[in-house]
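Engineer: Structure file my_file-v6.cif, mmCIF, C-alpha atoms, is pasted below:
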data_input
#
loop_
_atom_site.label_atom_id
_atom_site.label_comp_id
_atom_site.auth_asym_id
_atom_site.auth_seq_id
_atom_site.Cartn_x
_atom_site.Cartn_y
_atom_site.Cartn_z
CA MET I 1 20.32 11.17 5.61
CA PHE I 2 18.36 8.22 6.86
CA GLN I 3 16.32 7.68 10.00
CA LYS I 4 16.04 4.76 12.37
CA HIS I 5 12.76 2.84 12.38
CA HIS I 6 11.40 0.95 15.35
CA ASN I 7 8.58 -1.58 15.55
CA ARG I 8 5.93 -0.12 17.86
CA ASP I 9 3.29 -2.84 17.50
CA LEU I 10 4.86 -5.11 20.14
CA PRO I 11 7.11 -4.60 23.17
CA SER I 12 10.73 -4.40 22.06
CA LEU I 13 11.56 -7.72 23.76
CA PHE I 14 9.31 -9.63 21.36
CA THR I 15 10.76 -7.95 18.28
CA LYS I 16 14.18 -9.48 18.94
CA LEU I 17 14.93 -12.42 16.67
CA PRO I 18 16.80 -14.54 19.30
CA VAL I 19 13.90 -14.13 21.77
CA ARG I 20 11.40 -15.17 19.12
CA VAL I 21 13.43 -18.24 18.19
CA LEU I 22 13.82 -19.18 21.87
CA LEU I 23 10.10 -18.79 22.64
CA LEU I 24 9.12 -20.71 19.51
CA SER I 25 11.60 -23.49 20.35
CA VAL I 26 10.31 -23.81 23.95
CA LEU I 27 6.68 -23.84 22.81
CA CYS I 28 7.31 -26.45 20.10
CA ALA I 29 9.36 -28.61 22.50
CA MET I 30 6.54 -28.59 25.07
CA MET I 31 3.98 -29.47 22.38
CA SER I 32 6.23 -32.28 21.15
CA ILE I 33 6.63 -33.79 24.66
CA LEU I 34 2.91 -33.53 25.43
CA CYS I 35 2.02 -35.04 22.07
CA PHE I 36 4.44 -37.94 22.65
CA GLN I 37 3.09 -38.73 26.11
CA PHE I 38 -0.50 -38.42 24.99
CA LEU I 39 -0.13 -40.74 22.00
CA MET I 40 1.84 -43.33 24.01
CA GLN I 41 -1.10 -43.67 26.42
CA TRP I 42 -3.27 -44.77 23.48
CA GLU I 43 -1.07 -47.64 22.44
CA GLN I 44 -3.38 -50.40 23.73
CA TRP I 45 -6.47 -48.76 22.26
CA PHE I 46 -4.76 -48.52 18.91
CA TYR I 47 -3.67 -52.16 19.18
CA LEU I 48 -7.21 -53.29 19.95
CA GLN I 49 -8.53 -51.36 16.97
CA LEU I 50 -6.10 -53.20 14.75
CA VAL I 51 -7.13 -56.53 16.24
CA LYS I 52 -10.81 -55.77 15.67
CA ARG I 53 -10.12 -54.99 12.04
CA GLY I 54 -8.11 -58.20 11.57
CA MET I 55 -4.87 -56.35 11.03
CA MET I 56 -3.10 -58.02 13.99
CA PHE I 57 -2.85 -61.57 15.33
CA SER I 58 -6.23 -62.84 16.46
CA PHE I 59 -6.06 -64.16 20.05
CA GLN I 60 -8.97 -66.24 21.49
CA PRO I 61 -8.36 -66.92 25.21
CA GLU I 62 -11.87 -68.41 25.79
CA LYS I 63 -11.26 -71.14 23.23
CA ILE I 64 -7.87 -71.90 24.82
CA MET I 65 -9.52 -72.32 28.22
CA GLU I 66 -12.15 -74.68 26.79
CA GLU I 67 -9.50 -76.90 25.24
CA ILE I 68 -7.43 -76.96 28.46
CA GLN I 69 -10.53 -77.84 30.56
CA GLU I 70 -11.39 -80.67 28.20
CA LYS I 71 -7.97 -82.28 28.58
CA ALA I 72 -7.41 -81.48 32.30
CA LYS I 73 -10.28 -83.65 33.59
CA ASP I 74 -8.28 -86.77 32.71
CA ILE I 75 -4.98 -85.61 34.28
CA CYS I 76 -3.74 -85.90 37.84
CA PHE I 77 -2.05 -82.54 38.39
CA TYR I 78 0.23 -83.59 41.24
CA GLU I 79 1.43 -86.77 39.50
CA VAL I 80 3.11 -85.00 36.54
CA ASP I 81 5.84 -82.42 36.30
CA ARG I 82 5.55 -79.18 34.38
CA GLN I 83 6.95 -80.53 31.11
CA GLU I 84 4.60 -83.51 31.16
CA LEU I 85 1.72 -81.14 31.91
CA ILE I 86 2.63 -79.10 28.83
CA GLU I 87 2.57 -82.24 26.69
CA LEU I 88 -0.66 -83.58 28.12
CA LEU I 89 -2.48 -80.26 27.78
CA GLU I 90 -0.89 -79.75 24.35
CA LEU I 91 0.17 -76.20 25.31
CA ASP I 92 3.02 -76.20 22.76
CA LYS I 93 0.64 -75.18 20.04
CA TYR I 94 -0.03 -71.91 21.89
CA ASP I 95 3.66 -71.13 22.25
CA ASP I 96 3.99 -68.23 19.77
CA GLY I 97 6.39 -66.21 21.94
CA TYR I 98 3.65 -63.80 23.09
CA THR I 99 1.31 -66.16 25.08
CA TYR I 100 2.10 -67.52 28.52
CA PHE I 101 0.29 -69.25 31.38
CA SER I 102 0.49 -69.09 35.16
CA PHE I 103 -0.88 -71.66 37.60
CA TYR I 104 -2.09 -70.91 41.15
CA ASP I 105 -3.43 -73.29 43.80
CA GLY I 106 -7.19 -73.23 43.52
CA ASP I 107 -7.71 -73.56 47.28
CA ASN I 108 -5.34 -70.98 48.78
CA GLY I 109 -4.32 -69.03 45.64
CA GLY I 110 -0.61 -69.71 46.07
CA PHE I 111 1.57 -69.27 43.00
CA GLN I 112 2.96 -72.48 41.51
CA PHE I 113 4.71 -71.87 38.17
CA TYR I 114 4.75 -70.07 34.79
CA ILE I 115 4.65 -71.67 31.37
CA PHE I 116 6.20 -69.94 28.31
CA LEU I 117 7.09 -66.74 30.16
CA PRO I 118 8.62 -64.42 27.46
CA ASP I 119 12.28 -63.52 27.95
CA TYR I 120 11.65 -59.81 27.32
CA PHE I 121 9.07 -59.45 30.07
CA GLY I 122 10.21 -56.79 32.53
CA ASP I 123 12.80 -55.18 30.21
CA LEU I 124 12.85 -51.53 29.16
CA GLY I 125 9.97 -51.92 26.74
CA PHE I 126 7.67 -52.82 29.63
CA SER I 127 9.03 -50.68 32.43
CA SER I 128 9.35 -47.19 30.85
CA PHE I 129 7.15 -44.42 32.20
CA TRP I 130 4.96 -44.19 29.10
CA TYR I 131 3.69 -47.75 29.47
CA ASP I 132 0.90 -48.83 31.79
CA GLY I 133 1.61 -52.22 33.38
CA GLY I 134 -2.12 -52.98 33.32
CA TYR I 135 -1.88 -53.40 29.56
CA TYR I 136 -0.17 -56.71 30.16
CA GLY I 137 -2.56 -58.17 32.71
CA PRO I 138 -4.26 -61.56 32.13
CA ASP I 139 -6.67 -61.79 29.28
CA ILE I 140 -8.66 -64.53 31.06
CA MET I 141 -8.68 -66.48 34.33
CA GLU I 142 -10.63 -69.67 35.06
CA TYR I 143 -10.64 -72.50 37.54
CA ILE I 144 -9.60 -75.74 35.80
CA GLU I 145 -10.76 -79.03 37.26
CA PHE I 146 -8.08 -81.76 37.31
CA LYS I 147 -8.68 -85.30 38.64
CA ASP I 148 -7.01 -84.55 41.91
CA THR I 149 -7.34 -80.77 42.32
CA THR I 150 -8.66 -77.50 41.06
CA GLU I 151 -6.16 -75.03 39.61
CA GLN I 152 -6.53 -71.31 39.01
CA VAL I 153 -5.12 -70.76 35.48
CA PHE I 154 -4.29 -67.35 33.98
CA VAL I 155 -3.73 -66.86 30.25
CA TYR I 156 -1.74 -63.78 29.26
CA SER I 157 -1.50 -62.23 25.80
CA MET I 158 1.69 -60.26 25.09
CA HIS I 159 0.91 -59.67 21.41
CA LEU I 160 0.88 -55.93 22.04
CA ALA I 161 4.69 -56.17 22.19
CA LYS I 162 4.66 -56.83 18.44
CA MET I 163 3.84 -53.21 17.76
CA THR I 164 5.77 -51.63 20.68
CA VAL I 165 8.84 -50.63 18.65
CA PRO I 166 7.01 -49.54 15.46
CA TYR I 167 4.43 -47.64 17.50
CA PHE I 168 7.15 -45.95 19.55
CA PHE I 169 9.02 -44.67 16.50
CA THR I 170 5.79 -43.66 14.76
CA VAL I 171 4.73 -41.60 17.78
CA LEU I 172 8.25 -40.19 18.06
CA PHE I 173 8.13 -39.11 14.41
CA ILE I 174 4.71 -37.48 14.84
CA SER I 175 5.93 -35.71 17.97
CA MET I 176 9.05 -34.47 16.18
CA LEU I 177 6.81 -32.87 13.56
CA MET I 178 5.77 -30.42 16.29
CA LEU I 179 9.31 -29.01 16.12
CA LEU I 180 9.03 -28.20 12.41
CA PRO I 181 7.95 -24.55 12.93
CA VAL I 182 11.39 -23.77 14.43
CA PRO I 183 13.54 -24.71 11.38
CA ILE I 184 10.83 -23.33 9.07
CA TYR I 185 10.90 -19.95 10.82
CA ILE I 186 14.72 -19.85 10.99
CA GLY I 187 14.97 -20.93 7.35
CA ASN I 188 12.53 -18.22 6.31
CA ARG I 189 14.51 -15.51 8.11
CA MET I 190 17.78 -16.91 6.71
CA ARG I 191 16.38 -16.77 3.17
CA TYR I 192 15.30 -13.21 3.86
CA ALA I 193 18.79 -12.35 5.16
CA ILE I 194 20.37 -13.91 2.03
CA ARG I 195 17.98 -11.97 -0.18
CA MET I 196 18.81 -8.77 1.67
CA LYS I 197 22.54 -9.54 1.26
CA ASP I 198 22.07 -9.92 -2.52
CA GLU I 199 20.19 -6.61 -2.65
CA VAL I 200 22.94 -4.87 -0.65
CA LEU I 201 25.60 -6.29 -3.00
CA ALA I 202 23.58 -5.02 -5.96
CA MET I 203 23.42 -1.62 -4.26
CA ALA I 204 27.20 -1.72 -3.69
CA GLU I 205 27.68 -2.36 -7.41
CA GLY I 206 25.76 0.81 -8.22
CA ASP I 207 22.15 -0.36 -8.54
CA LEU I 208 20.35 2.18 -6.38
CA GLU I 209 17.00 1.89 -8.16
CA HIS I 210 16.09 -1.53 -6.73
CA PRO I 211 14.53 -1.15 -3.24
CA ILE I 212 15.56 -3.28 -0.27
CA THR I 213 12.78 -5.77 0.61
CA VAL I 214 11.20 -4.94 3.97
CA LYS I 215 9.19 -7.61 5.80
CA GLY I 216 8.82 -9.21 9.20
CA ARG I 217 8.70 -7.66 12.67
CA ASP I 218 12.21 -8.12 14.06
CA GLU I 219 15.74 -6.71 13.80
CA LEU I 220 16.03 -7.81 10.17
CA ARG I 221 13.11 -5.55 9.28
CA ILE I 222 14.70 -2.62 11.11
CA LEU I 223 17.99 -3.32 9.31
CA ALA I 224 16.22 -3.50 5.94
CA GLU I 225 14.38 -0.22 6.55
CA ASN I 226 17.61 1.57 7.45
CA LEU I 227 19.42 0.06 4.46
CA ASP I 228 16.64 1.23 2.17
CA GLN I 229 16.80 4.72 3.68
CA MET I 230 20.57 4.66 3.17
CA ARG I 231 20.01 3.58 -0.46
CA LEU I 232 17.65 6.51 -1.01
CA ALA I 233 20.11 8.89 0.66
CA PHE I 234 22.98 7.62 -1.51
CA ASP I 235 20.85 7.94 -4.61
CA GLU I 236 19.87 11.50 -3.66
CA ASN I 237 23.47 12.45 -2.86
CA ILE I 238 24.74 11.06 -6.14
CA ARG I 239 22.00 12.83 -8.04
CA LYS I 240 22.79 16.13 -6.32
CA GLU I 241 26.49 15.60 -6.88
CA LEU I 242 25.93 15.03 -10.59
CA GLU I 243 23.68 18.07 -10.77
CA GLY I 244 26.26 20.16 -8.89
CA LYS I 245 29.04 18.90 -11.12
CA LYS I 246 27.03 19.70 -14.22
CA ALA I 247 26.13 23.15 -12.90
CA ASN I 248 29.75 23.75 -11.94
CA GLN I 249 30.95 22.80 -15.41
CA GLU I 250 28.34 25.04 -17.01
CA LEU I 251 29.35 27.89 -14.68
CA ILE I 252 33.04 27.50 -15.51
CA ARG I 253 32.27 27.46 -19.23
CA SER I 254 30.08 30.53 -18.83
CA ILE I 255 32.62 32.44 -16.73
CA SER I 256 35.45 31.43 -19.07
CA HIS I 257 33.44 32.89 -21.95
CA ASP I 258 32.60 36.00 -19.94
CA LEU I 259 36.26 36.56 -19.08
CA ARG I 260 37.17 36.94 -22.75
CA THR I 261 35.09 40.10 -23.18
CA PRO I 262 36.68 42.27 -20.43
CA LEU I 263 40.14 40.86 -21.26
CA THR I 264 39.73 41.78 -24.92
CA THR I 265 38.48 45.24 -24.00
CA LEU I 266 41.24 45.71 -21.41
CA TYR I 267 43.86 44.67 -23.94
CA GLY I 268 42.47 47.16 -26.45
CA TYR I 269 42.53 50.07 -24.02
CA LEU I 270 46.06 49.24 -22.86
CA GLU I 271 47.22 48.92 -26.44
CA ILE I 272 45.79 52.36 -27.27
CA MET I 273 47.36 53.88 -24.16
CA GLY I 274 50.68 52.28 -25.02
CA GLN I 275 50.73 53.93 -28.45
CA THR I 276 50.53 57.40 -26.73
CA LYS I 277 48.28 58.67 -29.49
CA CYS I 278 45.50 59.87 -27.20
CA SER I 279 45.13 62.93 -25.04
CA GLN I 280 45.71 62.95 -21.28
CA GLU I 281 41.96 63.20 -20.65
CA LYS I 282 41.40 60.17 -22.85
CA GLN I 283 44.13 58.27 -21.03
CA LYS I 284 42.42 59.01 -17.68
CA ASP I 285 39.13 57.86 -19.16
CA TYR I 286 40.73 54.69 -20.57
CA LEU I 287 42.51 54.09 -17.24
CA ALA I 288 39.18 54.29 -15.37
CA ARG I 289 37.68 51.89 -17.87
CA CYS I 290 40.64 49.52 -17.40
CA ILE I 291 40.13 49.61 -13.64
CA GLY I 292 36.46 48.73 -14.19
CA LYS I 293 37.38 45.83 -16.45
CA VAL I 294 39.94 44.60 -13.92
CA GLU I 295 37.20 44.69 -11.28
CA GLU I 296 34.95 42.63 -13.57
CA ILE I 297 37.75 40.10 -14.04
CA ARG I 298 38.38 39.97 -10.28
CA ILE I 299 34.70 39.31 -9.55
CA LEU I 300 34.53 36.55 -12.15
CA SER I 301 37.76 34.94 -10.90
CA ASP I 302 36.42 35.09 -7.32
CA LYS I 303 33.30 33.25 -8.41
CA MET I 304 35.36 30.57 -10.11
CA PHE I 305 37.51 30.11 -7.01
CA GLU I 306 34.51 29.95 -4.68
CA TYR I 307 32.61 27.42 -6.77
CA ALA I 308 35.73 25.31 -7.20
CA LEU I 309 36.28 25.36 -3.44
CA VAL I 310 32.69 24.56 -2.46
CA TYR I 311 31.97 21.90 -5.10
CA GLY I 312 35.49 20.66 -5.80
CA GLN I 313 37.19 17.54 -4.46
CA GLU I 314 38.79 17.56 -1.01
CA GLU I 315 42.49 18.24 -1.32
CA GLU I 316 45.23 18.24 1.27
CA THR I 317 45.98 21.78 2.47
CA LYS I 318 49.56 22.69 3.34
CA LEU I 319 49.59 24.50 6.69
CA THR I 320 52.45 26.64 8.02
CA GLU I 321 52.99 28.88 11.02
CA ILE I 322 51.39 32.29 10.58
CA HIS I 323 52.04 35.12 13.02
CA LEU I 324 48.91 36.88 14.19
CA GLY I 325 50.52 40.22 13.30
CA GLU I 326 50.49 39.26 9.59
CA LEU I 327 46.75 38.68 9.72
CA LEU I 328 46.19 41.95 11.53
CA GLU I 329 48.06 43.78 8.74
CA GLU I 330 45.74 42.15 6.21
CA LEU I 331 42.73 43.30 8.22
CA GLU I 332 44.14 46.84 8.44
CA GLN I 333 44.45 47.05 4.67
CA ASN I 334 40.85 45.96 4.22
CA ARG I 335 39.72 48.41 6.87
CA GLU I 336 41.38 51.31 5.05
CA PHE I 337 39.73 50.35 1.78
CA LEU I 338 36.29 50.08 3.44
CA GLU I 339 36.71 53.55 4.89
CA LEU I 340 37.57 54.87 1.44
CA LYS I 341 34.28 53.32 0.28
CA GLY I 342 32.38 55.26 2.94
CA PHE I 343 32.10 52.70 5.72
CA SER I 344 32.86 53.35 9.38
CA VAL I 345 34.98 50.49 10.76
CA GLN I 346 35.56 49.84 14.46
CA LEU I 347 38.56 47.53 14.86
CA ASP I 348 38.91 46.06 18.38
CA ILE I 349 42.29 44.32 18.79
CA LYS I 350 42.79 42.58 22.14
CA ALA I 351 45.72 40.43 21.09
CA GLU I 352 48.62 41.08 18.75
CA GLU I 353 50.83 38.08 19.38
CA GLY I 354 50.28 34.43 18.65
CA ILE I 355 50.97 31.81 16.00
CA ILE I 356 48.30 30.01 13.98
CA CYS I 357 48.85 26.88 11.91
CA GLY I 358 47.23 27.85 8.62
CA ASN I 359 47.68 28.95 5.05
CA ALA I 360 48.31 32.62 4.29
CA VAL I 361 46.61 32.47 0.87
CA LEU I 362 43.51 30.87 2.37
CA PHE I 363 43.33 33.54 5.07
CA GLN I 364 43.46 36.18 2.34
CA ARG I 365 40.52 34.42 0.67
CA ILE I 366 38.58 34.43 3.97
CA PHE I 367 39.10 38.16 4.53
CA SER I 368 38.42 38.93 0.87
CA ASN I 369 35.06 37.08 0.97
CA LEU I 370 33.99 38.77 4.20
CA PHE I 371 35.20 42.14 2.88
CA THR I 372 33.21 41.66 -0.36
CA ASN I 373 30.17 40.55 1.63
CA ILE I 374 30.28 43.82 3.61
CA LEU I 375 30.62 45.90 0.45
CA LYS I 376 27.56 44.20 -1.08
CA TYR I 377 25.16 43.81 1.81
CA ALA I 378 26.16 46.04 4.75
CA ASN I 379 24.42 49.30 5.67
CA ARG I 380 26.83 52.15 4.96
CA GLY I 381 25.12 54.31 7.53
CA SER I 382 26.08 52.06 10.44
CA SER I 383 29.44 50.97 11.82
CA VAL I 384 31.19 47.76 10.83
CA THR I 385 32.81 46.02 13.82
CA TRP I 386 35.84 43.77 13.62
CA SER I 387 37.39 42.26 16.74
CA VAL I 388 40.33 39.94 17.44
CA ALA I 389 40.91 38.22 20.79
CA VAL I 390 42.87 35.28 22.21
CA ASP I 391 41.18 33.10 24.82
CA LYS I 392 42.32 29.72 26.19
CA GLY I 393 44.59 28.87 23.27
CA THR I 394 42.12 30.02 20.61
CA VAL I 395 42.15 33.08 18.34
CA ARG I 396 38.66 34.49 17.73
CA PHE I 397 37.83 36.80 14.81
CA VAL I 398 34.39 38.45 14.91
CA PHE I 399 32.97 40.41 11.95
CA GLY I 400 29.65 42.20 12.43
CA ASN I 401 27.58 44.67 10.51
CA GLN I 402 24.02 45.89 10.12
CA LYS I 403 22.23 44.69 7.00
CA GLY I 404 21.48 47.19 4.29
CA THR I 405 17.98 48.38 3.40
CA GLN I 406 15.86 46.25 1.10
CA LYS I 407 16.58 48.46 -1.92
CA ASN I 408 20.32 48.21 -1.52
CA VAL I 409 20.52 44.49 -0.70
CA VAL I 410 21.76 42.40 -3.60
CA GLU I 411 20.41 38.86 -3.80
CA SER I 412 23.00 36.41 -2.41
CA ASN I 413 23.64 32.85 -3.55
CA GLY I 414 25.52 32.00 -0.32
CA ILE I 415 28.61 30.71 -2.14
CA GLY I 416 30.90 33.22 -0.45
CA LEU I 417 29.93 32.19 3.08
CA ARG I 418 30.11 28.51 2.20
CA SER I 419 33.58 29.17 0.83
CA VAL I 420 34.58 30.87 4.12
CA ARG I 421 33.22 27.91 6.12
CA ARG I 422 35.07 25.42 3.94
CA ILE I 423 38.38 27.31 4.08
CA THR I 424 38.08 27.72 7.87
CA GLU I 425 37.46 24.00 8.39
CA LEU I 426 40.35 23.09 6.09
CA GLN I 427 42.64 24.92 8.52
CA GLY I 428 41.17 23.22 11.60
CA GLY I 429 39.02 26.19 12.59
CA SER I 430 35.33 26.65 13.43
CA PHE I 431 32.80 28.82 11.63
CA PHE I 432 29.74 30.36 13.34
CA LEU I 433 27.09 32.51 11.70
CA PHE I 434 24.38 34.60 13.34
CA GLN I 435 21.90 36.72 11.45
CA ASP I 436 18.41 38.10 11.84
CA GLN I 437 16.43 40.81 10.08
CA GLU I 438 18.98 43.50 11.00
CA GLN I 439 22.26 42.02 12.24
CA PHE I 440 24.85 39.85 10.53
CA VAL I 441 27.75 38.39 12.56
CA VAL I 442 30.43 35.89 11.51
CA THR I 443 32.75 34.35 14.13
CA LEU I 444 35.89 32.40 13.23
CA GLU I 445 37.95 30.46 15.77
CA PHE I 446 41.40 28.98 15.18
CA PRO I 447 43.60 27.07 17.64
CA LEU I 448 47.01 28.48 18.42
CA CYS I 449 50.03 26.35 17.56
#
Please express what this file holds, its structure, as structure tokens.
Structural biologist:
Amino acid sequence: MFQKHHNRDLPSLFTKLPVRVLLLSVLCAMMSILCFQFLMQWEQWFYLQLVKRGMMFSFQPEKIMEEIQEKAKDICFYEVDRQELIELLELDKYDDGYTYFSFYDGDNGGFQFYIFLPDYFGDLGFSSFWYDGGYYGPDIMEYIEFKDTTEQVFVYSMHLAKMTVPYFFTVLFISMLMLLPVPIYIGNRMRYAIRMKDEVLAMAEGDLEHPITVKGRDELRILAENLDQMRLAFDENIRKELEGKKANQELIRSISHDLRTPLTTLYGYLEIMGQTKCSQEKQKDYLARCIGKVEEIRILSDKMFEYALVYGQEEETKLTEIHLGELLEELEQNREFLELKGFSVQLDIKAEEGIICGNAVLFQRIFSNLFTNILKYANRGSSVTWSVAVDKGTVRFVFGNQKGTQKNVVESNGIGLRSVRRITELQGGSFFLFQDQEQFVVTLEFPLC
């Protein structure tokens, strides 16, 4: 039939499809996380590259400080409130939502107030693990001279926040691309499984010429190899069955034709004998010839039965209770005939009672085949042994003989023994054959009812 195939290039664990998918998924997930964290650390660098190339808002903190210094020298810092300070320093023009200022006492460095602090400062976009707080430090710090004091002024640029969301989703998309090998691999194996399914359906519809595609190094490959072996086995079995059927039909036609000749001859002899126009010597001669023709017909009919049994369709066999004594009587009749033919038969009966569930006609066929086999192939100079015994609810028949010399042995086609095996199995029995250069032994076992 077909054999199992195993992948020997890798340990069996790594040829399992679920393990491969799991390992690939874990590897791709780790690569995706590492890629995401790595790219997020380069957000400021990427932002600065865009600024240098004029693709982002251009921020000039030095110029802002110069303008503030120019206006601050005419202002008394402690005589105005924060709103007036914004108006006097004209800071409104820098209020773009991303720039803010902080003022510290120039003498002791104590914090005083913020101007234009963005509302989103400190939210999730600035506190998540992938951001570095240093990115949002002051762009410039200078001491500004007012009429009555010196202030330490910090100018902060938060323009990087403009690209936080787009950069995040861009990096997320790039990182997700690292997971693509997983669906690609699964999709590839699924397409292969679908293709294999189509090929199996084609095979089920009778197309045994198209091979099953074999690829990969996992369970699907092993399945495909076994399916292809099964396809080849089916194709071979069907081919042999067709050949056997054709040969069987030819044999039946041939035997049917051959039967006409001895039947015609037999009919002629019987017709002559029935007219009582021949002498007694002629009648004896014709009677001997009729017996010969009957033997020819019997041999031909046996062949037809055996071929029909071996190559025919399985049919239900009607089994009834058969007493062991009936089978022993059948054996006794065959023994007497063998002795008339010059054989020495040793019949060893160790049981005479018991009931077998079988078919009497089929048992006659079994004994007839074994009896004919002895007549054809056994050595007449040695004893033929038949034994019958009952052991543990089983009846055992053993038939043994010594093979004839090479000159006397007729070439066998094995149909008779195959017929015996088939008939035995149809009745729930077991068939065992032993033979070597000299001995030939057939053992049949049947369960008692």
Engineer: Hey, can you check how far CA of Arg195 in chain I sits from CA of Thr213 in chain I?
Structural biologist: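 One can read the CA of Arg195 in chain I to CA of Thr213 in chain I distance as 8.1 Å.
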Engineer: With only C-alpha atoms counted, which protein, DNA or RNA residues have an atom no more than 8 Å from (34.9, 43.3, -15.4) in the file frame? Please answer as a tab-separated table (two decimals) with C-alpha atoms, in the coordinates of the input.
Structural biologist:
chain	number	residue	atom	x	y	z
I	259	LEU	CA	36.26	36.56	-19.08
I	262	PRO	CA	36.68	42.27	-20.43
I	292	GLY	CA	36.46	48.73	-14.19
I	293	LYS	CA	37.38	45.83	-16.45
I	294	VAL	CA	39.94	44.60	-13.92
I	295	GLU	CA	37.20	44.69	-11.28
I	296	GLU	CA	34.95	42.63	-13.57
I	297	ILE	CA	37.75	40.10	-14.04
I	298	ARG	CA	38.38	39.97	-10.28
I	299	ILE	CA	34.70	39.31	-9.55
I	300	LEU	CA	34.53	36.55	-12.15
Engineer: Between I:Phe397, I:Tyr185, I:Tyr377, I:Phe434, which has the minimum distance to Leu331 in chain I (counting all atoms listed in the file)?
Structural biologist: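 Of all the options, I:Phe397 lies closest to Leu331 in chain I.
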Engineer: Take CA of Asp235 in chain I and CA of Gly206 in chain I and report the distance between them in Å, one decimal.
Structural biologist: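 Distance reported for this atom pair: 9.4 Å.
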Engineer: If we count all atoms listed in the file and set the cut-off at 9 Å, which residues sit around range 65-81 of chain I, ignoring sequence neighbours fewer than 3 positions away in its own chain? Please answer as a list in words.
Structural biologist: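 After dropping sequence-adjacent residues, the list is Pro61, Glu62, Glu84, Leu85, Ile86, Leu88, Leu89, Glu90, Leu91, Ile140, Met141, Glu142, Tyr143, Ile144, Glu145, Phe146, Lys147, Asp148, Thr149, Thr150, Glu151, Val153 and Val155 of chain I.
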Engineer: Can you work out which one of I:Leu328, I:Leu220, I:Asp348, I:Ile355 has the shortest atom-to-atom distance to Leu17 in chain I, counting all atoms listed in the file?
Structural biologist: I:Leu220
Engineer: List as an NGL selection string: which residues have an atom within 10 Å of (12.6, 3.7, 0.3), counting only C-alpha atoms?
Structural biologist: :I and (2 or 209-214 or 224-233)
Engineer: Can you spell out as a list in words the set of residues that the PyMOL selection byres ((chain I and resi 436) around 12) selects in the structure I just provided?
Structural biologist: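 Output from the PyMOL selection byres ((chain I and resi 436) around 12), applied to this file: Gly400, Asn401, Gln402, Lys403, Leu433, Phe434, Gln435, Gln437, Glu438, Gln439, Phe440 and Val441 of chain I.
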Engineer: For this file, the PyMOL selection byres ((chain I and resi 33) around 12) selects which residues, as a PyMOL selection string?
Structural biologist: chain I and resi 26-32+34-40+130+171-179
